[in-house]
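So this one's entry_20.txt, compact mmCIF, C-alpha atoms and all ligand atoms:
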# COMPACT_ATOMS: atom_id res chain seq x y z
CA MET A 7 0.00 0.00 0.00
CA ASN A 8 2.71 2.51 0.98
CA GLU A 9 4.64 1.86 -2.17
CA THR A 10 1.52 2.34 -4.24
CA ILE A 11 0.75 5.62 -2.48
CA ILE A 12 4.19 6.91 -3.39
CA ARG A 13 3.97 5.75 -7.00
CA LEU A 14 0.55 7.29 -7.48
CA LYS A 15 1.68 10.54 -5.91
CA LEU A 16 4.69 10.70 -8.21
CA VAL A 17 2.60 10.04 -11.32
CA ARG A 18 0.07 12.69 -10.32
CA GLN A 19 2.92 15.12 -9.66
CA ARG A 20 4.40 14.45 -13.09
CA ILE A 21 1.00 15.06 -14.71
CA ASN A 22 0.58 18.30 -12.73
CA ASN A 23 4.06 19.52 -13.60
CA ALA A 24 3.62 18.68 -17.27
CA CYS A 25 0.32 20.56 -17.30
CA ASN A 26 1.89 23.58 -15.60
CA ASP A 27 4.74 23.59 -18.10
CA ALA A 28 2.25 23.42 -20.97
CA GLY A 29 -0.02 26.10 -19.52
CA ARG A 30 -2.83 23.56 -19.11
CA GLU A 31 -5.09 22.69 -16.19
CA PRO A 32 -4.31 19.33 -14.53
CA ASN A 33 -7.98 18.36 -14.73
CA GLU A 34 -7.71 18.38 -18.54
CA VAL A 35 -5.70 15.17 -18.36
CA SER A 36 -7.20 11.98 -17.00
CA LEU A 37 -5.27 9.00 -15.73
CA LEU A 38 -5.90 5.49 -16.98
CA ALA A 39 -4.21 2.84 -14.83
CA VAL A 40 -2.94 0.10 -17.15
CA SER A 41 -3.31 -2.99 -14.98
CA LYS A 42 -2.40 -5.71 -17.48
CA ARG A 43 -0.45 -8.58 -15.92
CA HIS A 44 -1.07 -7.29 -12.40
CA PRO A 45 -3.36 -9.19 -10.02
CA ALA A 46 -6.78 -8.00 -8.87
CA LYS A 47 -5.44 -7.08 -5.44
CA SER A 48 -3.17 -4.45 -6.99
CA LEU A 49 -6.16 -2.86 -8.68
CA LEU A 50 -8.05 -2.95 -5.38
CA THR A 51 -5.22 -1.10 -3.64
CA LEU A 52 -5.19 1.60 -6.30
CA ASN A 53 -8.97 1.88 -6.20
CA GLN A 54 -8.81 2.48 -2.45
CA LEU A 55 -6.61 5.45 -3.31
CA GLY A 56 -9.21 6.89 -5.66
CA VAL A 57 -8.32 5.42 -9.05
CA SER A 58 -11.24 3.74 -10.81
CA ASN A 59 -10.29 3.61 -14.51
CA PHE A 60 -8.37 0.55 -15.58
CA GLY A 61 -6.91 -0.51 -18.93
CA GLU A 62 -6.45 -4.15 -19.94
CA ASN A 63 -5.16 -5.69 -23.16
CA GLN A 64 -6.00 -9.39 -22.77
CA LEU A 65 -9.65 -10.36 -22.75
CA GLN A 66 -9.54 -13.49 -20.56
CA GLU A 67 -7.32 -11.84 -18.00
CA ALA A 68 -9.58 -8.79 -17.88
CA LEU A 69 -12.77 -10.81 -17.49
CA LEU A 70 -11.28 -12.68 -14.56
CA LYS A 71 -10.32 -9.46 -12.76
CA GLN A 72 -13.73 -7.94 -13.49
CA GLN A 73 -15.30 -10.93 -11.79
CA GLN A 74 -12.95 -10.72 -8.82
CA LEU A 75 -13.65 -7.00 -8.43
CA SER A 76 -17.33 -7.02 -9.36
CA LYS A 77 -18.34 -5.29 -6.12
CA LEU A 78 -16.37 -2.16 -7.05
CA ASP A 79 -17.59 0.58 -9.34
CA LEU A 80 -14.82 0.54 -11.96
CA GLU A 81 -14.53 1.76 -15.53
CA TRP A 82 -12.84 -0.74 -17.86
CA HIS A 83 -10.96 0.20 -21.01
CA PHE A 84 -9.91 -2.38 -23.57
CA ILE A 85 -6.57 -1.25 -25.05
CA GLY A 86 -5.22 -4.40 -26.72
CA THR A 87 -5.26 -5.92 -30.15
CA ILE A 88 -8.80 -7.01 -31.02
CA GLN A 89 -9.45 -10.32 -32.72
CA SER A 90 -12.71 -10.13 -34.65
CA ASN A 91 -14.06 -13.27 -32.99
CA LYS A 92 -13.63 -11.70 -29.51
CA THR A 93 -15.69 -8.58 -30.07
CA GLY A 94 -18.79 -10.01 -28.32
CA PRO A 95 -17.41 -10.15 -24.77
CA ILE A 96 -15.54 -6.88 -25.34
CA ALA A 97 -18.79 -5.15 -26.33
CA GLU A 98 -20.51 -6.60 -23.27
CA HIS A 99 -17.91 -6.10 -20.55
CA PHE A 100 -16.11 -2.82 -21.19
CA GLN A 101 -17.16 0.83 -21.04
CA TRP A 102 -14.40 1.89 -23.44
CA VAL A 103 -12.53 0.33 -26.33
CA GLN A 104 -9.47 2.35 -27.32
CA SER A 105 -7.95 0.01 -29.88
CA VAL A 106 -10.50 0.06 -32.71
CA ASP A 107 -8.62 0.09 -35.98
CA ARG A 108 -10.81 -1.44 -38.67
CA SER A 109 -14.38 -1.39 -39.92
CA ARG A 110 -15.01 -5.07 -39.29
CA VAL A 111 -14.33 -4.63 -35.58
CA LEU A 112 -16.43 -1.47 -35.43
CA ASN A 113 -19.39 -3.14 -37.14
CA ARG A 114 -19.22 -6.12 -34.83
CA LEU A 115 -18.88 -4.05 -31.64
CA ALA A 116 -21.91 -2.01 -32.66
CA ALA A 117 -23.94 -5.11 -33.46
CA GLN A 118 -22.94 -6.81 -30.20
CA ARG A 119 -23.22 -3.94 -27.72
CA PRO A 120 -26.22 -4.85 -25.57
CA ALA A 121 -29.09 -2.36 -25.91
CA THR A 122 -29.44 -2.31 -22.12
CA LEU A 123 -26.03 -0.69 -21.70
CA ASP A 124 -24.88 2.88 -22.37
CA PRO A 125 -23.24 3.48 -25.74
CA LEU A 126 -19.75 2.01 -25.98
CA ASN A 127 -17.06 4.69 -25.85
CA ILE A 128 -14.59 4.27 -28.68
CA CYS A 129 -11.20 5.63 -29.57
CA LEU A 130 -9.77 4.89 -32.98
CA GLN A 131 -6.21 3.67 -32.72
CA VAL A 132 -3.98 5.34 -35.28
CA ASN A 133 -0.68 3.89 -36.47
CA ILE A 134 0.77 7.36 -36.79
CA ASP A 135 4.27 6.33 -37.82
CA GLY A 136 3.13 3.79 -40.41
CA GLU A 137 4.92 0.89 -38.73
CA SER A 138 4.31 -2.35 -40.58
CA GLN A 139 4.02 -4.64 -37.55
CA LYS A 140 1.89 -2.35 -35.47
CA ALA A 141 -1.83 -2.28 -34.69
CA GLY A 142 -3.75 0.85 -35.55
CA ALA A 143 -5.27 2.24 -38.71
CA PRO A 144 -3.18 4.32 -41.11
CA ALA A 145 -3.91 8.03 -40.68
CA GLU A 146 -5.56 8.12 -44.15
CA GLN A 147 -8.23 5.63 -43.03
CA ILE A 148 -9.19 7.43 -39.84
CA PHE A 149 -11.76 9.77 -41.42
CA GLU A 150 -13.67 6.92 -43.00
CA LEU A 151 -13.66 4.95 -39.73
CA ALA A 152 -14.83 8.02 -37.81
CA SER A 153 -17.76 8.50 -40.18
CA LEU A 154 -18.68 4.84 -39.87
CA ALA A 155 -18.55 5.07 -36.04
CA GLU A 156 -20.87 8.10 -36.03
CA GLY A 157 -23.54 6.07 -37.75
CA PHE A 158 -24.12 3.72 -34.81
CA GLU A 159 -26.43 4.73 -31.98
CA ASN A 160 -24.78 2.50 -29.43
CA ILE A 161 -21.25 3.68 -30.22
CA LYS A 162 -19.88 6.96 -28.93
CA LEU A 163 -16.79 8.10 -30.78
CA ARG A 164 -14.60 9.89 -28.22
CA GLY A 165 -11.29 10.38 -30.02
CA LEU A 166 -7.96 8.83 -30.91
CA MET A 167 -5.45 6.56 -29.23
CA VAL A 168 -1.84 6.26 -30.30
CA ILE A 169 1.30 4.35 -29.41
CA PRO A 170 4.08 6.14 -31.28
CA GLU A 171 7.12 4.47 -32.73
CA MET A 172 9.53 3.39 -30.03
CA SER A 173 12.25 5.98 -29.88
CA THR A 174 14.67 7.41 -27.35
CA ASP A 175 14.76 10.65 -29.29
CA PRO A 176 12.34 13.10 -27.62
CA VAL A 177 12.18 15.21 -30.79
CA ARG A 178 10.87 12.28 -32.81
CA GLN A 179 8.48 11.20 -30.06
CA ARG A 180 7.13 14.69 -29.87
CA ASP A 181 6.64 14.83 -33.62
CA SER A 182 4.55 11.62 -33.54
CA PHE A 183 2.34 13.10 -30.82
CA ARG A 184 2.07 16.38 -32.71
CA ARG A 185 0.92 14.65 -35.89
CA THR A 186 -1.65 12.70 -33.88
CA ARG A 187 -3.00 15.90 -32.41
CA MET A 188 -3.23 17.46 -35.87
CA LEU A 189 -5.29 14.51 -37.02
CA PHE A 190 -7.49 14.86 -33.93
CA LEU A 191 -8.06 18.56 -34.71
CA GLN A 192 -8.86 17.76 -38.34
CA LEU A 193 -11.52 15.31 -37.19
CA ILE A 194 -13.04 17.98 -34.98
CA GLU A 195 -12.97 20.43 -37.88
CA ALA A 196 -14.76 17.83 -39.96
CA GLY A 197 -17.60 17.95 -37.42
CA HIS A 198 -16.84 15.10 -35.04
CA GLN A 199 -17.41 15.99 -31.40
CA LEU A 200 -14.36 14.50 -29.76
CA ASP A 201 -12.90 14.99 -26.30
CA THR A 202 -10.27 12.28 -25.91
CA LEU A 203 -6.72 12.21 -27.17
CA SER A 204 -5.28 9.13 -25.49
CA MET A 205 -1.52 9.36 -25.63
CA GLY A 206 1.40 9.09 -23.25
CA MET A 207 2.67 6.16 -21.17
CA SER A 208 5.11 5.86 -18.25
CA SER A 209 8.15 6.96 -20.21
CA ASP A 210 6.70 9.77 -22.30
CA LEU A 211 3.71 11.28 -20.51
CA GLU A 212 5.32 14.74 -20.27
CA ILE A 213 5.85 15.04 -24.01
CA ALA A 214 2.36 13.73 -24.71
CA ILE A 215 0.80 16.28 -22.37
CA ALA A 216 2.84 19.06 -23.97
CA GLU A 217 1.31 17.98 -27.28
CA GLY A 218 -2.27 17.98 -26.06
CA SER A 219 -2.96 14.56 -24.55
CA THR A 220 -6.19 14.37 -22.55
CA MET A 221 -5.62 10.85 -21.22
CA VAL A 222 -2.38 9.18 -20.21
CA ARG A 223 -2.19 5.38 -19.91
CA ILE A 224 0.21 4.46 -17.13
CA GLY A 225 1.24 0.92 -16.21
CA THR A 226 4.80 0.49 -14.98
CA ASP A 227 5.10 3.72 -13.03
CA LEU A 228 1.88 3.01 -11.10
CA PHE A 229 2.13 -0.72 -10.47
CA GLY A 230 5.86 -1.40 -10.77
CA PRO A 231 7.31 -3.91 -13.23
CA ARG A 232 4.80 -6.37 -14.71
CA GLU A 233 4.85 -9.80 -13.15
CA THR A 234 5.10 -11.94 -16.26
C1 LIG B 1 1.09 -1.54 -21.58
C2 LIG B 1 0.43 -0.37 -22.22
C3 LIG B 1 0.54 0.92 -21.64
C4 LIG B 1 1.33 1.21 -20.38
O1 LIG B 1 2.70 1.15 -20.59
P1 LIG B 1 3.73 1.52 -19.42
O2 LIG B 1 4.97 1.82 -20.17
O3 LIG B 1 3.84 0.33 -18.55
O4 LIG B 1 3.21 2.71 -18.70
C5 LIG B 1 -0.14 1.95 -22.28
N1 LIG B 1 -0.86 1.75 -23.39
C6 LIG B 1 -0.99 0.54 -23.96
C7 LIG B 1 -1.82 0.40 -25.20
C8 LIG B 1 -0.34 -0.56 -23.40
O5 LIG B 1 -0.47 -1.76 -23.97
Starting from the coordinates I provided, produce the structure as structure tokens.
Ligand SMILES: *Cc1c(COP(=O)(O)O)cnc(C)c1O
Amino acid sequence: MNETIIRLKLVRQRINNACNDAGREPNEVSLLAVSKRHPAKSLLTLNQLGVSNFGENQLQEALLKQQQLSKLDLEWHFIGTIQSNKTGPIAEHFQWVQSVDRSRVLNRLAAQRPATLDPLNICLQVNIDGESQKAGAPAEQIFELASLAEGFENIKLRGLMVIPEMSTDPVRQRDSFRRTRMLFLQLIEAGHQLDTLSMGMSSDLEIAIAEGSTMVRIGTDLFGPRET
């Protein structure tokens, strides 16, 4: 618990400092705790400290934790690669899906989102650096996907998610974030009402916030190293 308190405090401090440096208000940036490969008890500890948004990238693992923590009021974000045949449980058990990158997945999520639930919040994942092995739609396809998403009543398009090319060069990292923000602004100009630019992880949250991130996804610096 003590260790978690310190980690959370440090992460919140970094977010605050980055916002100050960028002339932004700290409440413009929300924190998503990326709990993949950490046990339910670690999520419980963090929830007791006021964190209730969790990101998972493996369906089975996430469903198990959701069951173990079903008494808590948590918001679950799916942030991993989506296999088309797994969209059903994702549509049923998450409030957000941040890794939507193709029309087939979007169509299936919309068809499978239960009518009894609120609309599913979606971010389109963009492969901003055009990496061949990486998930995410090419920037050129984002407009078409956004229009498709707007057509579904039980889908709420919230914005974009990005994982930039791995780089130790802050100038290059910053450029990837900047291009993602430009795309985000173009979507808004095109009439989409978006409020979420999900970018920034443990190692690069400051640069992401400087470039307009509204949601940082933090795993390692909140939970420590992953267990497997
Ligand atoms: C694992 C993961 C993160 C968190 O990464 P850390 O470096 O541990 O903070 C963020 N976003 C996605 C999509 C991830 O898969």
- Query: When the cut-off is 6 Å and you count only C-alpha atoms and all ligand atoms, which residues lie near ligand LIG 1 (chain B), shown as a PyMOL selection string?
  - Reply: chain A and resi 40+85+207-208+223-226
- Message: For a test of reading the model, state the distance in Å between CA of Arg110 in chain A and CA of Glu146 in chain A, rounded to one decimal.
- Response: 16.9 Å
- Check the smallest atom-to-atom distance from each of A:Glu217, A:Asp201, A:Glu67, A:Glu156 to Val177 in chain A using all atoms listed in the file, then report the winner.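 Under the stated criterion, the closest residue is A:Glu217.
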- Determine the nearest neighbour of Asn113 in chain A from the options A:Met7, A:Leu75, A:Leu151, A:Leu69, counting only C-alpha atoms.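 Of the candidates, the smallest distance to Asn113 in chain A is held by A:Leu151.
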- Task: Determine, counting only C-alpha atoms, every residue of protein, DNA or RNA that lies within 6 Å of (-8.8, 4.7, -37.7) in the file coordinates, then give the result as a PyMOL selection string.
- Result: chain A and resi 107+130-132+143+147-148+151
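Here CA of Gln104 in chain A stands at a distance of 22.8 Å from CA of Pro231 in chain A.
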- Selected residue of minimal separation from Leu115 in chain A among A:Asp79, A:Asp135, A:Glu31, A:Glu159, counting all atoms listed in the file: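 Closest residue, counting all atoms listed in the file: A:Glu159.
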- Show me as a list in words the residues that reach within 12 Å of (5.2, 2.1, -9.9), counting all atoms listed in the file and using the file's own coordinates.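 The answer, in the requested form, is Met7, Asn8, Glu9, Thr10, Ile11, Ile12, Arg13, Leu14, Lys15, Leu16, Val17, Arg18, Ala39, Val40, Ser41, His44, Ser48, Leu52, Ser208, Ser209, Ile224, Gly225, Thr226, Asp227, Leu228, Phe229, Gly230, Pro231 and Arg232 of chain A.
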- Give me, please, the distance in Å between CA of Ala97 in chain A and CA of Gln139 in chain A, quoted to one decimal. 25.4 Å
- Write out as a ChimeraX atom specification each polymer residue whose atoms come within 12 Å of range 172-174 of chain A, counting all atoms listed in the file; drop sequence neighbours fewer than 2 positions from it. /A:134-135,137,140,168-170,176-182,207,209-210
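Here the question is which of A:Ala145, A:Asn63, A:Gly94, A:Ile161 gets nearest to Cys129 in chain A using only C-alpha atoms, and that residue is A:Ile161.
With distances restricted to all atoms listed in the file, A:Met205 is the closest residue to Gly218 in chain A from A:Leu55, A:Met205, A:Leu200, A:Leu154.
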- Note on the structure: Of A:Met167, A:Leu50, A:Leu37, A:Leu193, the one sitting nearest Asn133 in chain A when using all atoms listed in the file is A:Met167
Around all listed atoms of range 150-154 of chain A, padded 3 Å per side, what centre and edge lengths does the axis-aligned box have in Å to one decimal, as lines of an AutoDock Vina configuration file?
center_x = -16.2
center_y = 6.7
center_z = -40.4
size_x = 11.0
size_y = 9.7
size_z = 11.2
